[in-house]
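Chemist: Next comes work_11.cif, mmCIF, C-alpha atoms and all ligand atoms:
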data_work
#
loop_
_atom_site.label_atom_id
_atom_site.label_comp_id
_atom_site.auth_asym_id
_atom_site.auth_seq_id
_atom_site.Cartn_x
_atom_site.Cartn_y
_atom_site.Cartn_z
CA MET C 568 178.02 122.48 103.26
CA GLU C 569 178.54 119.97 100.57
CA LEU C 570 178.33 121.64 97.22
CA MET C 571 179.94 118.86 95.30
CA THR C 572 177.35 116.51 93.93
CA MET C 573 178.04 112.91 94.80
CA ALA C 574 176.27 110.91 92.13
CA MET C 575 175.67 107.94 94.36
CA ASP C 576 173.52 109.99 96.71
CA GLY C 577 171.75 111.95 94.05
CA PHE C 578 172.79 115.13 95.76
CA THR C 579 172.28 118.47 94.21
CA LEU C 580 174.32 121.50 94.91
CA VAL C 581 173.53 124.98 96.05
CA LEU C 582 175.38 128.22 96.37
CA ALA C 583 174.52 131.10 98.62
CA ASN C 584 175.44 134.73 98.76
CA ALA C 585 178.35 135.68 100.91
CA SER C 586 177.85 137.14 104.32
CA ASN C 587 177.37 140.85 104.43
CA SER C 588 178.78 141.30 107.88
CA ALA C 589 181.30 140.01 110.34
CA GLN C 590 183.96 139.50 107.73
CA GLY C 591 187.47 140.76 107.69
CA LYS C 592 187.87 141.31 111.37
CA GLY C 593 191.46 140.37 111.00
CA VAL C 594 191.81 137.97 113.88
CA SER C 595 195.12 136.24 113.48
CA ALA C 596 195.59 132.52 113.71
CA ASN C 597 197.67 133.03 116.82
CA ALA C 598 194.91 135.04 118.46
CA ILE C 599 192.44 132.30 117.69
CA ALA C 600 194.74 129.68 119.14
CA ALA C 601 195.18 131.70 122.31
CA ASN C 602 191.47 132.17 122.87
CA ILE C 603 190.07 128.75 122.26
CA ALA C 604 190.22 125.77 124.54
CA ASP C 605 191.77 122.37 124.19
CA PRO C 606 189.12 120.44 122.29
CA ILE C 607 190.21 117.15 123.82
CA ALA C 608 190.37 118.33 127.44
CA ASN C 609 188.23 116.58 130.03
CA THR C 610 185.95 119.39 131.13
CA GLN C 611 183.28 121.44 129.41
CA ASN C 612 183.30 125.05 128.19
CA THR C 613 180.86 127.61 126.93
CA VAL C 614 181.46 130.92 125.19
CA ALA C 615 182.44 133.76 127.52
CA ALA C 616 180.01 136.14 125.80
CA SER C 617 177.58 136.10 122.94
CA PHE C 618 178.44 136.93 119.34
CA THR C 619 176.44 137.41 116.17
CA GLN C 620 177.02 136.66 112.51
CA VAL C 621 174.71 137.80 109.73
CA GLY C 622 174.53 136.37 106.24
CA VAL C 623 172.22 135.55 103.40
CA GLY C 624 169.98 132.54 103.66
CA LEU C 625 170.52 129.96 101.04
CA HIS C 626 167.05 129.46 99.67
CA SER C 627 165.12 132.49 100.81
CA GLY C 628 167.78 135.00 99.89
CA ALA C 629 166.80 136.84 103.05
CA THR C 630 169.30 137.94 105.65
CA VAL C 631 169.63 135.51 108.54
CA ARG C 632 171.03 136.46 111.93
CA VAL C 633 172.74 133.90 114.16
CA THR C 634 173.62 134.70 117.77
CA VAL C 635 175.65 132.23 119.82
CA LEU C 636 175.13 132.65 123.58
CA PRO C 637 176.61 131.04 126.69
CA ALA C 638 174.77 128.01 128.07
CA ALA C 639 174.91 125.98 131.27
CA GLU C 640 176.86 122.76 131.72
CA HIS C 641 175.37 119.72 129.99
CA THR C 642 173.19 121.90 127.75
CA GLY C 643 175.05 120.86 124.64
CA ARG C 644 174.85 122.85 121.44
CA VAL C 645 171.22 123.79 120.90
CA PHE C 646 169.55 125.75 118.07
CA VAL C 647 166.60 128.01 118.82
CA ARG C 648 164.47 129.44 115.99
CA THR C 649 163.67 132.93 117.25
CA ASP C 650 161.46 133.71 114.26
CA GLN C 651 158.94 131.03 115.28
CA ALA C 652 156.92 131.90 118.36
CA ASP C 653 156.18 128.33 119.42
CA ALA C 654 159.44 126.76 118.31
CA THR C 655 161.03 124.35 120.73
CA PRO C 656 164.84 124.08 120.85
CA ILE C 657 166.68 121.76 118.47
CA PRO C 658 169.53 119.86 120.13
CA ALA C 659 172.49 119.36 117.77
CA THR C 660 172.54 115.59 118.14
CA ALA C 661 172.54 112.72 115.68
CA SER C 662 168.94 111.89 116.49
CA SER C 663 167.88 115.39 115.37
CA VAL C 664 169.00 114.88 111.75
CA VAL C 665 166.03 115.17 109.40
CA SER C 666 167.78 115.62 106.05
CA THR C 667 171.25 115.40 104.59
CA GLN C 668 170.54 116.59 101.09
CA MET C 669 173.10 119.27 100.18
CA SER C 670 173.78 120.00 103.84
CA THR C 671 172.94 118.68 107.28
CA GLU C 672 169.51 119.69 108.54
CA LEU C 673 168.31 119.24 112.10
CA GLY C 674 164.78 119.22 113.48
CA ASN C 675 163.16 118.87 116.87
CA GLY C 676 160.76 116.08 116.10
CA ALA C 677 157.44 115.82 114.32
CA VAL C 678 159.21 116.39 111.03
CA GLY C 679 159.42 112.73 110.23
CA ASN C 680 161.22 110.49 107.83
CA GLY C 681 163.45 113.06 106.29
CA ALA C 682 160.61 115.22 105.07
CA VAL C 683 161.78 118.78 104.78
CA GLY C 684 159.56 121.77 104.56
CA ASN C 685 160.30 125.44 104.79
CA GLY C 686 161.83 125.13 108.21
CA ALA C 687 158.57 125.77 110.05
CA VAL C 688 156.32 122.75 110.25
CA GLY C 689 153.91 123.69 112.99
CA ASN C 690 153.23 122.52 116.54
CA GLY C 691 156.56 123.82 117.71
CA ALA C 692 158.44 121.61 115.28
CA VAL C 693 161.05 123.48 113.29
CA THR C 694 164.22 122.74 111.39
CA VAL C 695 167.54 124.44 110.78
CA ARG C 696 169.88 123.48 107.99
CA THR C 697 173.50 123.88 106.93
CA VAL C 698 174.60 123.55 110.54
CA GLU C 699 177.85 121.73 109.87
CA HIS C 700 180.40 124.53 109.57
CA LEU C 701 179.23 126.33 112.69
CA LEU C 702 179.14 123.05 114.62
CA ALA C 703 182.64 122.16 113.42
CA ALA C 704 183.94 125.50 114.68
CA LEU C 705 182.24 125.08 118.04
CA VAL C 706 183.47 121.54 118.69
CA ALA C 707 186.98 122.31 117.46
CA ALA C 708 187.15 125.46 119.59
CA GLY C 709 186.10 123.44 122.63
CA VAL C 710 182.61 124.92 123.01
CA ASP C 711 180.46 122.17 124.53
CA ASN C 712 177.50 124.27 125.56
CA ALA C 713 175.90 127.02 123.50
CA ARG C 714 172.46 128.42 122.75
CA ILE C 715 172.40 129.22 119.05
CA GLU C 716 169.61 131.63 118.21
CA ILE C 717 168.70 131.91 114.54
CA ASP C 718 165.91 133.95 112.95
CA GLY C 719 165.54 131.79 109.86
CA PRO C 720 165.70 128.20 108.67
CA GLU C 721 169.33 128.10 107.64
CA VAL C 722 172.77 129.00 108.97
CA PRO C 723 174.44 131.51 106.62
CA LEU C 724 177.20 130.08 104.47
CA LEU C 725 179.45 133.12 105.07
CA ASP C 726 182.67 132.54 103.08
CA GLY C 727 181.96 128.82 102.65
CA SER C 728 184.30 127.77 105.46
CA ALA C 729 184.38 127.83 109.27
CA GLN C 730 186.96 130.59 109.50
CA LEU C 731 184.59 133.43 110.39
CA TRP C 732 182.95 131.30 113.05
CA MET C 733 186.36 130.52 114.55
CA GLU C 734 187.30 134.19 114.54
CA ALA C 735 184.05 135.13 116.25
CA ILE C 736 184.54 132.50 118.95
CA ALA C 737 188.11 133.67 119.49
CA GLN C 738 187.00 137.28 119.86
CA VAL C 739 184.68 136.49 122.79
CA GLY C 740 186.80 133.67 124.25
CA LEU C 741 185.61 130.75 126.32
CA GLN C 742 184.25 130.30 129.82
CA ALA C 743 185.57 127.14 131.47
CA GLN C 744 183.03 124.94 133.19
CA SER C 745 183.72 122.22 135.73
CA ALA C 746 181.46 119.45 134.48
CA PRO C 747 183.31 116.55 132.87
CA ARG C 748 182.90 115.72 129.22
CA SER C 749 181.44 112.37 128.40
CA SER C 750 183.90 110.17 126.57
CA LEU C 751 183.22 108.71 123.14
CA THR C 752 185.18 105.49 123.01
CA LEU C 753 185.13 102.43 120.78
CA THR C 754 186.13 98.88 121.59
CA THR C 755 185.89 97.49 118.05
CA PRO C 756 185.92 99.10 114.59
CA LEU C 757 182.66 100.64 113.40
CA TRP C 758 181.76 101.52 109.83
CA VAL C 759 179.08 102.46 107.33
CA GLN C 760 179.44 101.94 103.59
CA ARG C 761 177.61 102.74 100.38
CA GLU C 762 179.18 101.31 97.26
CA ASP C 763 182.81 102.51 97.33
CA ALA C 764 182.19 105.26 99.87
CA PHE C 765 182.62 104.64 103.57
CA VAL C 766 183.18 106.06 107.02
CA VAL C 767 185.07 103.80 109.41
CA ALA C 768 186.41 104.34 112.92
CA PHE C 769 189.11 102.39 114.65
CA PRO C 770 189.77 102.50 118.39
CA ALA C 771 192.67 104.90 119.00
CA ALA C 772 194.56 106.52 121.85
CA GLU C 773 193.56 109.98 120.65
CA PRO C 774 191.13 111.41 118.09
CA ARG C 775 192.20 111.62 114.45
CA PHE C 776 190.22 112.34 111.29
CA THR C 777 191.37 111.25 107.82
CA TYR C 778 189.56 111.92 104.54
CA GLY C 779 189.98 110.84 100.93
CA ILE C 780 188.26 112.05 97.76
CA ASP C 781 188.62 111.09 94.12
CA PHE C 782 187.12 113.30 91.43
CA PRO C 783 187.46 112.74 87.67
CA VAL C 784 188.62 116.32 87.26
CA ALA C 785 192.30 117.11 86.91
CA ALA C 786 192.22 120.14 89.21
CA ILE C 787 190.87 118.02 92.07
CA GLY C 788 191.70 114.37 91.38
CA LYS C 789 192.75 112.22 94.32
CA GLN C 790 193.32 114.00 97.62
CA TRP C 791 193.89 112.73 101.16
CA HIS C 792 194.34 114.68 104.34
CA SER C 793 194.54 113.81 108.01
CA TRP C 794 194.01 115.99 111.07
CA CYS C 795 194.83 115.22 114.70
CA PRO C 796 193.26 117.62 117.24
CA SER C 797 195.93 117.05 119.86
CA THR C 798 198.84 118.10 117.65
CA GLU C 799 197.48 120.35 114.88
CA SER C 800 195.55 123.60 114.96
CA PHE C 801 192.07 123.38 113.48
CA SER C 802 192.24 127.10 112.73
CA ASP C 803 195.46 126.74 110.80
CA THR C 804 194.76 123.58 108.88
CA VAL C 805 191.03 122.97 108.41
CA ALA C 806 188.78 125.89 109.37
CA SER C 807 189.42 128.10 106.36
CA ALA C 808 188.90 125.40 103.72
CA ARG C 809 185.92 126.42 101.59
CA THR C 810 183.22 124.33 100.04
CA PHE C 811 183.67 123.51 96.37
CA THR C 812 181.72 122.48 93.33
CA LEU C 813 181.92 121.90 89.61
CA ALA C 814 180.92 124.70 87.26
CA HIS C 815 178.69 122.60 85.04
CA HIS C 816 176.61 121.56 88.04
CA ILE C 817 175.98 125.18 88.90
CA GLU C 818 174.64 125.87 85.45
CA GLN C 819 172.35 122.85 85.60
CA LEU C 820 170.83 124.05 88.84
CA ARG C 821 170.46 127.60 87.70
CA GLN C 822 168.54 126.35 84.73
CA GLN C 823 166.30 124.49 87.13
CA GLY C 824 165.79 127.59 89.23
CA LEU C 825 167.47 125.94 92.20
CA ILE C 826 170.12 128.57 92.83
CA LYS C 827 168.89 132.02 93.67
CA GLY C 828 172.14 133.64 94.63
CA GLY C 829 175.32 131.76 93.80
CA SER C 830 178.60 133.53 94.36
CA LEU C 831 182.26 132.96 93.72
CA ASP C 832 182.82 134.53 97.13
CA ASN C 833 181.52 131.59 99.13
CA ALA C 834 182.59 128.50 97.21
CA LEU C 835 185.44 127.28 95.08
CA VAL C 836 184.18 126.55 91.60
CA CYS C 837 186.03 124.19 89.29
CA ASP C 838 185.62 123.94 85.54
CA ALA C 839 186.29 120.43 84.33
CA GLN C 840 188.46 121.68 81.45
CA THR C 841 190.04 124.93 82.60
CA GLY C 842 190.36 124.35 86.33
CA TRP C 843 189.49 126.64 89.22
CA LEU C 844 187.46 129.72 88.31
CA ASN C 845 188.26 131.67 91.47
CA PRO C 846 191.81 130.98 92.60
CA PRO C 847 193.93 131.15 94.61
CA LEU C 848 193.13 128.18 96.78
CA ARG C 849 193.90 128.54 100.46
CA PHE C 850 195.58 125.10 100.40
CA PRO C 851 196.64 122.97 97.41
CA ASN C 852 194.25 120.31 98.73
CA GLU C 853 191.57 122.69 99.99
CA PRO C 854 188.71 120.45 98.74
CA VAL C 855 189.59 117.46 100.90
CA ARG C 856 190.27 119.72 103.86
CA HIS C 857 186.74 121.04 103.46
CA LYS C 858 185.45 117.48 103.48
CA LEU C 859 187.26 117.04 106.79
CA LEU C 860 185.52 120.18 108.04
CA ASP C 861 182.14 118.76 107.09
CA LEU C 862 182.98 115.43 108.73
CA ILE C 863 184.03 117.11 111.98
CA GLY C 864 180.86 119.22 112.02
CA ASP C 865 178.62 116.24 111.36
CA LEU C 866 180.35 114.04 113.95
CA SER C 867 179.98 116.81 116.54
CA LEU C 868 176.41 115.53 116.68
CA LEU C 869 177.85 112.76 118.87
CA GLY C 870 178.67 115.42 121.46
CA GLY C 871 182.40 115.87 120.91
CA PHE C 872 185.39 114.26 119.26
CA PRO C 873 185.23 110.47 119.00
CA GLN C 874 188.11 108.75 120.77
CA ALA C 875 188.99 107.03 117.52
CA HIS C 876 190.67 107.34 114.17
CA VAL C 877 187.81 108.14 111.82
CA VAL C 878 188.56 107.55 108.14
CA ALA C 879 186.12 108.71 105.46
CA TYR C 880 186.37 108.08 101.73
CA LYS C 881 184.15 109.72 99.10
CA ALA C 882 181.56 110.17 101.81
CA SER C 883 178.80 112.73 102.26
CA HIS C 884 176.60 114.29 104.90
CA THR C 885 174.39 111.24 104.48
CA LEU C 886 177.16 108.80 105.39
CA HIS C 887 178.63 111.08 108.06
CA THR C 888 175.34 111.30 109.93
CA GLU C 889 174.49 107.65 109.32
CA PHE C 890 177.81 106.83 110.94
CA ALA C 891 176.97 109.07 113.92
CA ARG C 892 173.64 107.32 114.40
CA ARG C 893 175.35 103.94 114.14
CA TRP C 894 177.84 105.03 116.80
CA GLN C 895 175.02 106.10 119.09
CA GLU C 896 173.37 102.71 118.70
CA THR C 897 176.48 100.83 119.82
ZN ZN A 901 180.75 122.06 103.97
#
Here is the file; what I need is its structure written in the form of structure tokens.
Ligand SMILES: [Zn+2]

Modeler:
Amino acid sequence: MELMTMAMDGFTLVLANASNSAQGKGVSANAIAANIADPIANTQNTVAASFTQVGVGLHSGATVRVTVLPAAEHTGRVFVRTDQADATPIPATASSVVSTQMSTELGNGAVGNGAVGNGAVGNGAVTVRTVEHLLAALVAAGVDNARIEIDGPEVPLLDGSAQLWMEAIAQVGLQAQSAPRSSLTLTTPLWVQREDAFVVAFPAAEPRFTYGIDFPVAAIGKQWHSWCPSTESFSDTVASARTFTLAHHIEQLRQQGLIKGGSLDNALVCDAQTGWLNPPLRFPNEPVRHKLLDLIGDLSLLGGFPQAHVVAYKASHTLHTEFARRWQET
């Protein structure tokens, strides 16, 4: 979820109600680390059992239920809209992206040219949005194959981070599979750029993600953070970073009727003059860590972790997914 408006993309921002279930299960970071797989290992995994999270849908305000189930080797991560009788599955791949406004939205074809409806567009074509935090948790936990059943058009925002997804995965554990993972390697640098924002990848011996942001607000300002899957725990350093936004943007959208249920429980909100409205932060640089979370979720659409050092600066879901498509074309 990308609540911070990036002026260059004309993004708007949205808040959602917090989840009303599956919170506070108290799974420790150590327990999570023990139950998830090596995300850069060579073979595939699925979840050992299914799990469910329930939360409030962003636009409808209705409760949405997501159940993640085991899936066979080479299935990939696939969304299934169980509320639509004729819906065909939506593979979580770069070619499924239909919109990147406010969040990343996937569709299974016949949606066309970024047009976004209410998530049910007929003839079996459906969409699901705000997929990035769940996908980041799955790829970082080493879950290659999963059937993700959802009874609405949008993944719940929960607490605004990937922490509850990581805890749920850790509670059920993983089932190792024998099929090899496909490698995502580069031979030359690859980049996308819009004005001063960019995503670039350099060939590297092991995956690394680095992010930079620069906001004209003292409480945020310039932040950089880097995460290496082979040496640092995703659960400890990235998963719990929450989405963030500026208070005056919230008010603008409320006045436009665009936010039906904003909450200080699912996003950090920053006032340009007085600073954070709902401290404490989970990290001093929680905003840029959340941008890393979004980047990892969006790049999971490639299938796994790129064998590269990916550096993003002032980027967005639009640039993240444009980069993924560019990678696929190479
Ligand atoms: Zn996000």

Chemist: Hey, which residues come within 10 Å of ligand ZN 901 (chain A) if we count only C-alpha atoms and all ligand atoms? Could you give them as a PyMOL selection string?

Modeler: chain C and resi 568-571+669-671+697-701+703+724+727-729+808-811+834+854+856-865+883-884

Chemist: At what distance in Å, to one decimal, does atom CA of Asp803 of chain C lie from atom CA of Asp726 of chain C?

Modeler: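 Separating atom CA of Asp726 of chain C from atom CA of Asp803 of chain C is a distance of 16.0 Å.
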
Chemist: For Val614 of chain C, which of C:Arg714, C:Arg748, C:Arg632, C:Arg648 is the closest residue, counting only C-alpha atoms?

Modeler: C:Arg714

Chemist: What gap, in Å, lies between atom CA of Pro658 of chain C and atom CA of Glu734 of chain C?

Modeler: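 If I compute the distance from atom CA of Pro658 of chain C to atom CA of Glu734 of chain C, I get 23.5 Å.
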
Chemist: What does the distance from atom CA of Phe776 of chain C to atom CA of Gly643 of chain C come to in Å, to one decimal?

Modeler: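 Result for atom CA of Phe776 of chain C versus atom CA of Gly643 of chain C: 21.9 Å, one decimal.
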
Chemist: Using only C-alpha atoms, which of the listed residues (C:Ala814, C:Ile717, C:Ala806, C:Leu866) sits closest to Arg849 of chain C?

Modeler: C:Ala806

Chemist: Name the residues in contact with segment 839-842 of chain C at a cut-off of 10 Å, using only C-alpha atoms, excluding same-chain residues fewer than 2 positions from it; report them as a compact mmCIF listing (two decimals) with C-alpha atoms, keeping the file's coordinate frame.

Modeler:
# COMPACT_ATOMS: atom_id res chain seq x y z
CA PRO C 783 187.46 112.74 87.67
CA VAL C 784 188.62 116.32 87.26
CA ALA C 785 192.30 117.11 86.91
CA ALA C 786 192.22 120.14 89.21
CA ILE C 787 190.87 118.02 92.07
CA LEU C 813 181.92 121.90 89.61
CA ALA C 814 180.92 124.70 87.26
CA HIS C 815 178.69 122.60 85.04
CA VAL C 836 184.18 126.55 91.60
CA CYS C 837 186.03 124.19 89.29
CA LEU C 844 187.46 129.72 88.31
CA ASN C 845 188.26 131.67 91.47
CA PRO C 846 191.81 130.98 92.60

Chemist: I'd like the contact shell of Ala639 of chain C - 12 Å cut-off, all atoms listed in the file, skipping same-chain residues fewer than 5 positions apart - returned as a list in words.

Modeler: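 Everything that qualifies: Gln611, Asn612, Thr613, Val614, Ala615, Arg644, Val645, Val710, Asp711, Asn712, Ala713, Arg714, Gln742, Ala743, Gln744, Ser745 and Ala746 of chain C.
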
Chemist: My list of candidates is C:Leu702, C:Ala879, C:Val647, C:Leu636. Which is closest to Gln760 of chain C when distances are computed with all atoms listed in the file?

Modeler: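 Under the stated criterion, the closest residue is C:Ala879.
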
Chemist: Go ahead and find all residues with at least one atom no further than 10 Å from (186.6, 106.3, 103.9) in the file's coordinates, using only C-alpha atoms; report them as a list of chain:residue names.

Modeler: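 Residues found, by chain and rising number: C:Trp758, C:Val759, C:Gln760, C:Asp763, C:Ala764, C:Phe765, C:Val766, C:Val767, C:Ala768, C:Thr777, C:Tyr778, C:Gly779, C:Ile780, C:Val877, C:Val878, C:Ala879, C:Tyr880, C:Lys881, C:Ala882, C:Leu886.
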
Chemist: Between C:Leu831, C:Pro774, C:Asn852, C:Pro747, which residue has the minimum interatomic distance to Gly788 of chain C, considering all atoms listed in the file?

Modeler: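 Among C:Leu831, C:Pro774, C:Asn852, C:Pro747, it is C:Asn852 that comes nearest to Gly788 of chain C.
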